[in-house]
$ cat data_15.cif   # mmCIF, C-alpha atoms
data_work
loop_
_atom_site.group_PDB
_atom_site.id
_atom_site.type_symbol
_atom_site.label_atom_id
_atom_site.label_comp_id
_atom_site.auth_asym_id
_atom_site.auth_seq_id
_atom_site.Cartn_x
_atom_site.Cartn_y
_atom_site.Cartn_z
ATOM 1 C CA MET U 1 0.745 1.538 -13.514
ATOM 2 C CA VAL U 2 0.069 -1.235 -16.020
ATOM 3 C CA ILE U 3 2.985 -0.212 -18.233
ATOM 4 C CA GLU U 4 5.383 -0.592 -15.287
ATOM 5 C CA LYS U 5 4.031 -4.073 -14.594
ATOM 6 C CA LEU U 6 4.699 -5.003 -18.219
ATOM 7 C CA ARG U 7 8.245 -3.658 -17.999
ATOM 8 C CA ARG U 8 9.000 -5.569 -14.806
ATOM 9 C CA GLY U 9 7.341 -8.826 -15.857
ATOM 10 C CA ILE U 10 7.196 -10.117 -12.279
ATOM 11 C CA ASN U 11 5.713 -13.642 -12.107
ATOM 12 C CA PHE U 12 5.155 -13.678 -15.886
ATOM 13 C CA THR U 13 5.453 -16.950 -17.785
ATOM 14 C CA GLU U 14 7.831 -17.055 -20.765
ATOM 15 C CA ASN U 15 4.923 -16.637 -23.195
ATOM 16 C CA GLU U 16 3.540 -13.714 -21.187
ATOM 17 C CA LYS U 17 6.980 -12.068 -21.311
ATOM 18 C CA ILE U 18 7.030 -12.473 -25.101
ATOM 19 C CA ILE U 19 3.632 -10.777 -25.349
ATOM 20 C CA SER U 20 4.625 -7.942 -23.016
ATOM 21 C CA GLU U 21 7.849 -7.312 -24.951
ATOM 22 C CA PHE U 22 5.906 -7.083 -28.198
ATOM 23 C CA ILE U 23 3.406 -4.627 -26.671
ATOM 24 C CA LEU U 24 6.199 -2.422 -25.291
ATOM 25 C CA ASN U 25 8.233 -2.487 -28.525
ATOM 26 C CA HIS U 26 5.270 -2.088 -30.909
ATOM 27 C CA PRO U 27 2.631 -0.019 -29.065
ATOM 28 C CA ASN U 28 1.026 1.362 -32.256
ATOM 29 C CA GLU U 29 0.665 -2.050 -33.900
ATOM 30 C CA PHE U 30 -0.697 -3.466 -30.642
ATOM 31 C CA GLN U 31 -3.512 -0.898 -30.598
ATOM 32 C CA LYS U 32 -4.741 -2.167 -33.989
ATOM 33 C CA MET U 33 -4.698 -5.864 -33.067
ATOM 34 C CA SER U 34 -7.334 -8.157 -31.636
ATOM 35 C CA SER U 35 -6.336 -10.505 -28.834
ATOM 36 C CA GLU U 36 -6.323 -13.393 -31.306
ATOM 37 C CA GLU U 37 -4.058 -11.491 -33.718
ATOM 38 C CA LEU U 38 -1.671 -10.616 -30.883
ATOM 39 C CA GLY U 39 -1.495 -14.282 -29.906
ATOM 40 C CA LYS U 40 -0.696 -15.368 -33.484
ATOM 41 C CA THR U 41 1.878 -12.600 -34.019
ATOM 42 C CA THR U 42 3.755 -13.552 -30.839
ATOM 43 C CA PHE U 43 3.411 -17.313 -31.513
ATOM 44 C CA THR U 44 1.467 -17.709 -28.259
ATOM 45 C CA SER U 45 -2.334 -17.805 -28.034
ATOM 46 C CA LYS U 46 -5.440 -15.739 -27.350
ATOM 47 C CA SER U 47 -5.910 -17.506 -24.006
ATOM 48 C CA THR U 48 -2.375 -16.464 -22.937
ATOM 49 C CA VAL U 49 -3.202 -12.855 -23.808
ATOM 50 C CA ILE U 50 -6.353 -13.034 -21.662
ATOM 51 C CA ARG U 51 -4.413 -14.563 -18.754
ATOM 52 C CA LEU U 52 -1.904 -11.723 -18.994
ATOM 53 C CA CYS U 53 -4.770 -9.214 -18.777
ATOM 54 C CA LYS U 54 -5.927 -10.853 -15.559
ATOM 55 C CA LYS U 55 -2.407 -10.693 -14.101
ATOM 56 C CA LEU U 56 -2.333 -6.991 -14.908
ATOM 57 C CA ASN U 57 -5.645 -6.508 -13.068
ATOM 58 C CA VAL U 58 -7.442 -5.021 -16.065
ATOM 59 C CA LEU U 59 -11.016 -5.955 -16.952
ATOM 60 C CA GLY U 60 -10.158 -7.331 -20.364
ATOM 61 C CA TYR U 61 -8.182 -6.908 -23.567
ATOM 62 C CA GLN U 62 -9.948 -3.734 -24.696
ATOM 63 C CA GLU U 63 -9.422 -2.228 -21.266
ATOM 64 C CA LEU U 64 -5.704 -3.071 -21.529
ATOM 65 C CA LYS U 65 -5.478 -1.173 -24.811
ATOM 66 C CA LYS U 66 -7.212 1.888 -23.340
ATOM 67 C CA VAL U 67 -5.073 1.945 -20.195
ATOM 68 C CA LEU U 68 -1.787 1.570 -22.087
ATOM 69 C CA TYR U 69 -2.767 4.235 -24.615
ATOM 70 C CA SER U 70 -3.470 6.642 -21.740
ATOM 71 C CA GLU U 71 -0.296 5.811 -19.799
ATOM 72 C CA LEU U 72 1.966 6.083 -22.847
ATOM 73 C CA ASN U 73 0.489 9.479 -23.695
ATOM 74 C CA GLU U 74 1.077 10.628 -20.131
ATOM 75 C CA GLU U 75 4.714 9.545 -20.336
ATOM 76 C CA ARG U 76 5.172 11.428 -23.604
ATOM 77 C CA LEU U 77 3.774 14.582 -22.021
ATOM 78 C CA LEU U 78 5.723 14.350 -18.764
ATOM 79 C CA GLY U 79 8.883 12.739 -20.071
ATOM 80 C CA LYS U 80 10.059 9.219 -19.367
ATOM 81 C CA GLU U 81 9.793 8.246 -15.715
ATOM 82 C CA ASP U 82 13.218 6.627 -15.656
ATOM 83 C CA VAL U 83 14.805 10.086 -15.995
ATOM 84 C CA TYR U 84 15.537 10.728 -12.330
ATOM 85 C CA PRO U 85 15.127 14.247 -10.915
ATOM 86 C CA ILE U 86 18.250 15.965 -9.622
ATOM 87 C CA LEU U 87 18.685 17.501 -6.170
ATOM 88 C CA SER U 88 21.526 19.911 -5.433
ATOM 89 C CA LYS U 89 22.313 23.044 -3.433
ATOM 90 C CA LYS U 90 21.195 25.028 -6.475
ATOM 91 C CA SER U 91 17.709 23.483 -6.448
ATOM 92 C CA THR U 92 14.979 26.126 -6.273
ATOM 93 C CA TYR U 93 11.767 25.949 -4.261
ATOM 94 C CA ILE U 94 9.767 25.102 -7.388
ATOM 95 C CA GLU U 95 12.226 22.369 -8.420
ATOM 96 C CA ILE U 96 12.069 20.807 -4.947
ATOM 97 C CA ASP U 97 8.277 20.982 -5.022
ATOM 98 C CA ILE U 98 8.207 19.141 -8.366
ATOM 99 C CA LEU U 99 10.783 16.626 -7.132
ATOM 100 C CA LEU U 100 8.739 15.821 -4.008
ATOM 101 C CA GLN U 101 5.615 15.278 -6.080
ATOM 102 C CA GLN U 102 7.567 12.838 -8.268
ATOM 103 C CA VAL U 103 8.969 11.019 -5.219
ATOM 104 C CA TYR U 104 5.485 10.702 -3.689
ATOM 105 C CA LYS U 105 3.966 9.455 -6.933
ATOM 106 C CA LYS U 106 6.781 6.977 -7.475
ATOM 107 C CA ALA U 107 6.412 5.661 -3.918
ATOM 108 C CA ILE U 108 2.667 5.049 -4.376
ATOM 109 C CA ASP U 109 3.167 3.426 -7.785
ATOM 110 C CA GLU U 110 5.833 1.111 -6.345
ATOM 111 C CA VAL U 111 3.558 0.066 -3.464
ATOM 112 C CA ASN U 112 0.780 -0.828 -5.899
ATOM 113 C CA LEU U 113 3.177 -2.723 -8.148
ATOM 114 C CA SER U 114 4.618 -4.680 -5.228
ATOM 115 C CA ASN U 115 1.290 -5.700 -3.678
ATOM 116 C CA ASN U 116 -1.920 -7.296 -4.817
ATOM 117 C CA GLN U 117 -5.153 -5.524 -3.845
ATOM 118 C CA ASN U 118 -6.593 -8.878 -2.776
ATOM 119 C CA ILE U 119 -4.140 -8.859 0.140
ATOM 120 C CA ILE U 120 -5.590 -5.584 1.411
ATOM 121 C CA ASN U 121 -9.119 -6.953 0.983
ATOM 122 C CA ARG U 122 -8.301 -10.038 3.052
ATOM 123 C CA ILE U 123 -6.780 -7.881 5.805
ATOM 124 C CA ILE U 124 -9.868 -5.635 5.852
ATOM 125 C CA ASN U 125 -12.140 -8.675 6.139
ATOM 126 C CA GLN U 126 -10.209 -9.755 9.233
ATOM 127 C CA MET U 127 -10.143 -6.275 10.776
ATOM 128 C CA ILE U 128 -13.919 -5.946 10.586
ATOM 129 C CA ASN U 129 -14.226 -8.693 13.197
ATOM 130 C CA MET U 130 -11.472 -7.435 15.508
ATOM 131 C CA GLU U 131 -11.874 -5.458 18.739
ATOM 132 C CA LYS U 132 -8.268 -4.351 19.200
ATOM 133 C CA ILE U 133 -5.202 -3.769 17.026
ATOM 134 C CA GLU U 134 -1.607 -3.963 18.225
ATOM 135 C CA PHE U 135 1.179 -2.262 16.242
ATOM 136 C CA TYR U 136 4.874 -3.076 16.729
ATOM 137 C CA SER U 137 7.980 -1.347 15.394
ATOM 138 C CA THR U 138 11.094 0.590 16.405
ATOM 139 C CA GLY U 139 12.757 3.863 15.402
ATOM 140 C CA MET U 140 11.127 5.731 12.516
ATOM 141 C CA GLY U 141 8.622 2.908 12.123
ATOM 142 C CA TYR U 142 7.421 3.380 15.709
ATOM 143 C CA ALA U 143 6.999 7.150 15.186
ATOM 144 C CA THR U 144 4.992 6.537 12.020
ATOM 145 C CA LEU U 145 2.759 3.953 13.709
ATOM 146 C CA GLU U 146 1.898 6.406 16.506
ATOM 147 C CA THR U 147 0.106 8.498 13.888
ATOM 148 C CA VAL U 148 -1.466 5.405 12.347
ATOM 149 C CA SER U 149 -2.741 4.246 15.737
ATOM 150 C CA HIS U 150 -4.224 7.685 16.422
ATOM 151 C CA LYS U 151 -6.144 7.544 13.133
ATOM 152 C CA PHE U 152 -7.702 4.180 13.938
ATOM 153 C CA ASN U 153 -8.600 5.300 17.461
ATOM 154 C CA SER U 154 -10.320 8.356 15.967
ATOM 155 C CA ILE U 155 -12.840 6.121 14.173
ATOM 156 C CA GLY U 156 -13.503 3.932 17.190
ATOM 157 C CA ILE U 157 -11.029 1.116 16.494
ATOM 158 C CA GLU U 158 -8.983 0.623 19.674
ATOM 159 C CA SER U 159 -5.280 0.376 18.890
ATOM 160 C CA THR U 160 -1.907 0.761 20.579
ATOM 161 C CA VAL U 161 1.676 0.929 19.330
ATOM 162 C CA SER U 162 4.656 -0.635 21.124
ATOM 163 C CA SER U 163 8.411 -0.912 20.746
ATOM 164 C CA THR U 164 8.632 -3.615 23.427
ATOM 165 C CA LEU U 165 6.961 -6.990 23.786
ATOM 166 C CA ASN U 166 4.817 -7.908 26.806
ATOM 167 C CA GLU U 167 3.851 -11.555 26.444
ATOM 168 C CA ARG U 168 1.784 -11.677 29.640
ATOM 169 C CA TYR U 169 -0.299 -8.705 28.527
ATOM 170 C CA LEU U 170 -0.961 -10.366 25.166
ATOM 171 C CA VAL U 171 -2.057 -13.632 26.785
ATOM 172 C CA SER U 172 -4.439 -11.726 29.057
ATOM 173 C CA ALA U 173 -5.749 -9.409 26.337
ATOM 174 C CA LYS U 174 -6.359 -12.283 23.939
ATOM 175 C CA LYS U 175 -8.777 -13.809 26.453
ATOM 176 C CA LYS U 176 -10.785 -10.543 26.598
ATOM 177 C CA PHE U 177 -10.634 -9.214 23.027
ATOM 178 C CA LYS U 178 -10.424 -10.337 19.428
ATOM 179 C CA ILE U 179 -6.925 -9.085 18.582
ATOM 180 C CA MET U 180 -4.885 -8.688 15.432
ATOM 181 C CA ALA U 181 -1.405 -7.232 15.065
ATOM 182 C CA PHE U 182 0.825 -5.441 12.574
ATOM 183 C CA VAL U 183 4.605 -5.635 12.678
ATOM 184 C CA LEU U 184 6.568 -3.039 10.712
ATOM 185 C CA SER U 185 10.189 -3.421 9.601
ATOM 186 C CA ILE U 186 11.525 -1.157 6.865
ATOM 187 C CA SER U 187 14.501 -3.433 6.243
ATOM 188 C CA GLY U 188 12.558 -6.631 6.812
ATOM 189 C CA ASN U 189 15.121 -8.183 9.150
ATOM 190 C CA ASN U 190 14.801 -6.192 12.390
ATOM 191 C CA PRO U 191 15.629 -8.755 15.162
ATOM 192 C CA PHE U 192 13.026 -7.340 17.567
ATOM 193 C CA ILE U 193 10.308 -7.532 14.912
ATOM 194 C CA ILE U 194 11.275 -11.094 13.978
ATOM 195 C CA ARG U 195 11.060 -12.129 17.654
ATOM 196 C CA THR U 196 7.749 -10.285 18.080
ATOM 197 C CA ALA U 197 6.306 -11.975 15.004
ATOM 198 C CA GLU U 198 7.364 -15.365 16.345
ATOM 199 C CA VAL U 199 5.630 -14.763 19.703
ATOM 200 C CA LEU U 200 2.441 -13.419 18.096
ATOM 201 C CA ARG U 201 2.293 -16.442 15.832
ATOM 202 C CA HIS U 202 2.769 -18.763 18.815
ATOM 203 C CA LEU U 203 -0.131 -17.041 20.602
ATOM 204 C CA GLY U 204 -2.389 -17.505 17.583
ATOM 205 C CA ILE U 205 -2.863 -13.785 16.926
ATOM 206 C CA TYR U 206 -3.694 -12.858 13.331
ATOM 207 C CA LEU U 207 -0.565 -11.085 12.092
ATOM 208 C CA VAL U 208 0.199 -8.772 9.185
ATOM 209 C CA GLY U 209 3.800 -7.957 8.316
ATOM 210 C CA VAL U 210 4.566 -4.639 6.630
ATOM 211 C CA VAL U 211 8.121 -5.292 5.569
ATOM 212 C CA GLY U 212 11.086 -4.392 3.397
ATOM 213 C CA PRO U 213 12.959 -6.753 1.068
ATOM 214 C CA LEU U 214 14.899 -8.812 3.673
ATOM 215 C CA SER U 215 11.765 -10.404 5.097
ATOM 216 C CA ASP U 216 12.323 -14.173 4.819
ATOM 217 C CA ASP U 217 12.533 -14.713 8.591
ATOM 218 C CA ILE U 218 9.459 -12.573 9.349
ATOM 219 C CA SER U 219 7.333 -13.951 6.528
ATOM 220 C CA LYS U 220 7.088 -17.465 7.973
ATOM 221 C CA TYR U 221 5.264 -16.084 11.035
ATOM 222 C CA CYS U 222 2.814 -13.769 9.231
ATOM 223 C CA ASP U 223 -0.682 -14.485 7.931
ATOM 224 C CA GLU U 224 -0.313 -11.711 5.343
ATOM 225 C CA LEU U 225 2.607 -9.682 4.008
ATOM 226 C CA ILE U 226 2.550 -6.152 2.606
ATOM 227 C CA HIS U 227 5.817 -5.217 0.924
ATOM 228 C CA ILE U 228 7.519 -1.846 1.347
ATOM 229 C CA PRO U 229 9.390 -1.101 -1.890
ATOM 230 C CA ILE U 230 12.876 0.283 -1.298
ATOM 231 C CA SER U 231 13.361 3.062 -3.833
ATOM 232 C CA ASP U 232 16.562 4.759 -4.976
ATOM 233 C CA PHE U 233 14.570 7.169 -7.135
ATOM 234 C CA VAL U 234 16.463 10.159 -5.697
ATOM 235 C CA GLU U 235 19.689 9.487 -3.817
ATOM 236 C CA GLY U 236 19.510 10.693 -0.217
ATOM 237 C CA MET U 237 15.689 10.784 -0.112
ATOM 238 C CA GLU U 238 15.097 7.129 0.702
ATOM 239 C CA ILE U 239 13.701 8.034 4.137
ATOM 240 C CA VAL U 240 11.075 10.308 2.522
ATOM 241 C CA SER U 241 10.115 7.669 -0.013
ATOM 242 C CA ASN U 242 9.940 4.874 2.584
ATOM 243 C CA GLN U 243 7.818 6.859 4.998
ATOM 244 C CA HIS U 244 5.425 7.940 2.249
ATOM 245 C CA SER U 245 5.070 4.305 1.166
ATOM 246 C CA ILE U 246 4.235 3.235 4.728
ATOM 247 C CA ASN U 247 1.747 6.068 5.201
ATOM 248 C CA TYR U 248 0.049 5.182 1.918
ATOM 249 C CA ILE U 249 -0.246 1.501 2.890
ATOM 250 C CA PHE U 250 -1.901 2.264 6.220
ATOM 251 C CA ASP U 251 -4.020 5.090 4.808
ATOM 252 C CA MET U 252 -5.457 2.633 2.278
ATOM 253 C CA ILE U 253 -6.434 0.295 5.129
ATOM 254 C CA PHE U 254 -7.718 3.148 7.322
ATOM 255 C CA THR U 255 -9.821 4.670 4.536
ATOM 256 C CA GLN U 256 -11.387 1.309 3.680
ATOM 257 C CA MET U 257 -12.319 0.789 7.337
ATOM 258 C CA LEU U 258 -13.750 4.314 7.447
ATOM 259 C CA ALA U 259 -15.737 3.670 4.265
ATOM 260 C CA ASN U 260 -17.229 0.459 5.688
ATOM 261 C CA LYS U 261 -19.022 2.412 8.446
ATOM 262 C CA TYR U 262 -18.834 5.898 6.977
ATOM 263 C CA GLU U 263 -22.362 7.129 7.789
ATOM 264 C CA GLU U 264 -22.226 5.742 11.328
ATOM 265 C CA ILE U 265 -18.792 7.214 12.077
ATOM 266 C CA VAL U 266 -19.611 10.633 10.625
ATOM 267 C CA ALA U 267 -22.850 10.721 12.635
ATOM 268 C CA TRP U 268 -21.186 10.213 16.006
ATOM 269 C CA GLN U 269 -18.241 12.460 15.124
ATOM 270 C CA LYS U 270 -20.744 15.285 14.582
ATOM 271 C CA GLU U 271 -21.669 15.010 18.250
ATOM 272 C CA ILE U 272 -18.323 16.625 19.041
ATOM 273 C CA SER U 273 -17.304 19.949 17.531
ATOM 274 C CA TYR U 274 -14.048 21.845 17.977
ATOM 275 C CA ASP U 275 -13.846 25.577 18.605
ATOM 276 C CA TYR U 276 -10.523 26.535 17.024
ATOM 277 C CA HIS U 277 -10.788 30.128 18.291
ATOM 278 C CA LYS U 278 -10.970 29.022 21.917
ATOM 279 C CA ASP U 279 -8.990 25.804 21.419
ATOM 280 C CA ILE U 280 -11.622 23.681 23.180
ATOM 281 C CA PHE U 281 -13.967 20.838 22.363
ATOM 282 C CA LYS U 282 -17.711 21.429 22.502
ATOM 283 C CA MET U 283 -20.267 18.692 23.108
ATOM 284 C CA THR U 284 -23.634 18.759 21.389
ATOM 285 C CA PRO U 285 -26.724 18.527 23.631
ATOM 286 C CA LYS U 286 -27.274 14.945 22.410
ATOM 287 C CA CYS U 287 -23.759 13.950 23.444
ATOM 288 C CA GLN U 288 -24.056 15.704 26.840
ATOM 289 C CA LYS U 289 -27.083 13.581 27.692
#

$ encode --input "data_15.cif" --output "structure tokens"
Amino acid sequence: MVIEKLRRGINFTENEKIISEFILNHPNEFQKMSSEELGKTTFTSKSTVIRLCKKLNVLGYQELKKVLYSELNEERLLGKEDVYPILSKKSTYIEIDILLQQVYKKAIDEVNLSNNQNIINRIINQMINMEKIEFYSTGMGYATLETVSHKFNSIGIESTVSSTLNERYLVSAKKKFKIMAFVLSISGNNPFIIRTAEVLRHLGIYLVGVVGPLSDDISKYCDELIHIPISDFVEGMEIVSNQHSINYIFDMIFTQMLANKYEEIVAWQKEISYDYHKDIFKMTPKCQK
């Protein structure tokens, strides 16, 4: 959300922080101002206001006003987002349902705040040219990547997931296929993932790190980094929030790859139908030939 980006002020210049503070403290006055008036009022400039709009990934100043008006109204209706939901043994089914929806939404918002969409676009552009994807993680990350790998295989993108490193296999496979790899570390400092990233870099394999906050050692080996935000939104539910963040990250990549060849993929998937009553696959006459 744009309003959250303003509140955090990550990578803002001092003048951009002054503008964002004015917008947050005087939202009604802001709605009546032109970009030039906002620059004069904050003792900055119109050009600084426009640069801030670009950092917020909005199309322009008028778009910024519309988005903030909408988001502020939503907060007034739902209550401030910094009021954390409460979980206890007295929590009812409905309360838990509402809490989970808030945790999921917060996880997605945090992913989008922590990452630039251009990173995803660059990764997609690389994946289009690849013939095989290797995923590496351990523990919960490995279990999550098994599902991710299955999704990519289902649309014809060959992928495997590993919790061990086989250097000889990678050397051999690299000679036969165009390969890229993802390494996943929720903490960011998993020793196995750091070692794996180092080897993949040495072999010249395009590498994407999906990592938590302690990622300095991994980052120097990766071509791209996607950050997993570590949320304390609801104490005790960090594992739910983390896993939802990871699923969202990979689902964004998967869905973009699906969209790129949507008609083609849907066409060949229709050649196979599933009979849920008999629990068997059926092949169309075209596929049988």

$ resolve_selection --input "data_15.cif" --expression "the PyMOL selection byres ((chain U and resi 47-55) around 8)" --output "MDAnalysis selection string"
chainID U and resid 12 15:16 19 35 38:39 44:46 56:61 64

$ atom_distance --input "data_15.cif" --atom1 "atom CA of Gly156 of chain U" --atom2 "atom CA of Thr144 of chain U"
19.4 Å

$ closest_residue --input "data_15.cif" --among "U:Leu145, U:Leu200, U:Leu214, U:Met237" --to "Phe250 of chain U" --atoms "all atoms listed in the file"
U:Leu145

$ resolve_selection --input "data_15.cif" --expression "the PyMOL selection byres ((chain U and resi 162) around 9)" --output "list in words"
Glu134, Phe135, Tyr136, Ser137, Thr138, Tyr142, Leu145, Glu146, Thr160, Val161, Ser163, Thr164 and Leu165 of chain U

$ resolve_selection --input "data_15.cif" --expression "the PyMOL selection byres ((chain U and resi 229) around 8)" --output "PyMOL selection string"
chain U and resi 107+110-111+114+212-213+227-228+230-231+242+245

$ atom_distance --input "data_15.cif" --atom1 "atom CA of Ala143 of chain U" --atom2 "atom CA of Ala259 of chain U"
25.5 Å

$ closest_residue --input "data_15.cif" --among "U:Ala267, U:Val199, U:Ile226, U:Leu24" --to "Tyr69 of chain U" --atoms "all atoms listed in the file"
U:Leu24

$ atom_distance --input "data_15.cif" --atom1 "atom CA of Lys106 of chain U" --atom2 "atom CA of Gly236 of chain U"
15.1 Å

$ residues_around --input "data_15.cif" --residues "Ile205 of chain U" --least-positions-apart "3" --cutoff "7 Å" --atoms "only C-alpha atoms" --output "ChimeraX atom specification"
/U:179-181,200-201

$ closest_residue --input "data_15.cif" --among "U:Asn73, U:Ser149, U:Asn25, U:Asn129" --to "Asp251 of chain U" --atoms "all atoms listed in the file"
U:Ser149

$ closest_residue --input "data_15.cif" --among "U:Cys222, U:Met33, U:Leu68, U:Leu100" --to "Glu4 of chain U" --atoms "all atoms listed in the file"
U:Leu68

$ closest_residue --input "data_15.cif" --among "U:Ser241, U:Asn190, U:Gln101, U:Gln256" --to "Asp216 of chain U" --atoms "only C-alpha atoms"
U:Asn190

$ axis_aligned_box --input "data_15.cif" --around "segment 247-261 of chain U" --padding-each-side "6 Å" --output "JSON"
{"center_x": -8.6, "center_y": 3.2, "center_z": 5.2, "size_x": 32.8, "size_y": 17.8, "size_z": 18.5}

$ residues_near_point --input "data_15.cif" --point "(9.5, -15.6, 7.9)" --cutoff "12 Å" --atoms "all atoms listed in the file" --output "list in words"
Gly188, Asn189, Asn190, Pro191, Ile193, Ile194, Arg195, Thr196, Ala197, Glu198, Arg201, Leu207, Val208, Gly209, Val211, Pro213, Leu214, Ser215, Asp216, Asp217, Ile218, Ser219, Lys220, Tyr221, Cys222, Asp223, Glu224 and Leu225 of chain U

$ write_last_selection --input "data_15.cif" --atoms "C-alpha atoms" --output "PDB file, keeping the file's coordinate frame"
ATOM      1  CA  GLY U 188      12.558  -6.631   6.812  1.00  0.00           C
ATOM      2  CA  ASN U 189      15.121  -8.183   9.150  1.00  0.00           C
ATOM      3  CA  ASN U 190      14.801  -6.192  12.390  1.00  0.00           C
ATOM      4  CA  PRO U 191      15.629  -8.755  15.162  1.00  0.00           C
ATOM      5  CA  ILE U 193      10.308  -7.532  14.912  1.00  0.00           C
ATOM      6  CA  ILE U 194      11.275 -11.094  13.978  1.00  0.00           C
ATOM      7  CA  ARG U 195      11.060 -12.129  17.654  1.00  0.00           C
ATOM      8  CA  THR U 196       7.749 -10.285  18.080  1.00  0.00           C
ATOM      9  CA  ALA U 197       6.306 -11.975  15.004  1.00  0.00           C
ATOM     10  CA  GLU U 198       7.364 -15.365  16.345  1.00  0.00           C
ATOM     11  CA  ARG U 201       2.293 -16.442  15.832  1.00  0.00           C
ATOM     12  CA  LEU U 207      -0.565 -11.085  12.092  1.00  0.00           C
ATOM     13  CA  VAL U 208       0.199  -8.772   9.185  1.00  0.00           C
ATOM     14  CA  GLY U 209       3.800  -7.957   8.316  1.00  0.00           C
ATOM     15  CA  VAL U 211       8.121  -5.292   5.569  1.00  0.00           C
ATOM     16  CA  PRO U 213      12.959  -6.753   1.068  1.00  0.00           C
ATOM     17  CA  LEU U 214      14.899  -8.812   3.673  1.00  0.00           C
ATOM     18  CA  SER U 215      11.765 -10.404   5.097  1.00  0.00           C
ATOM     19  CA  ASP U 216      12.323 -14.173   4.819  1.00  0.00           C
ATOM     20  CA  ASP U 217      12.533 -14.713   8.591  1.00  0.00           C
ATOM     21  CA  ILE U 218       9.459 -12.573   9.349  1.00  0.00           C
ATOM     22  CA  SER U 219       7.333 -13.951   6.528  1.00  0.00           C
ATOM     23  CA  LYS U 220       7.088 -17.465   7.973  1.00  0.00           C
ATOM     24  CA  TYR U 221       5.264 -16.084  11.035  1.00  0.00           C
ATOM     25  CA  CYS U 222       2.814 -13.769   9.231  1.00  0.00           C
ATOM     26  CA  ASP U 223      -0.682 -14.485   7.931  1.00  0.00           C
ATOM     27  CA  GLU U 224      -0.313 -11.711   5.343  1.00  0.00           C
ATOM     28  CA  LEU U 225       2.607  -9.682   4.008  1.00  0.00           C
TER      29      LEU U 225
END

$ closest_residue --input "data_15.cif" --among "U:Glu37, U:Asn247, U:Gly141, U:Ile3" --to "Glu74 of chain U" --atoms "all atoms listed in the file"
U:Ile3
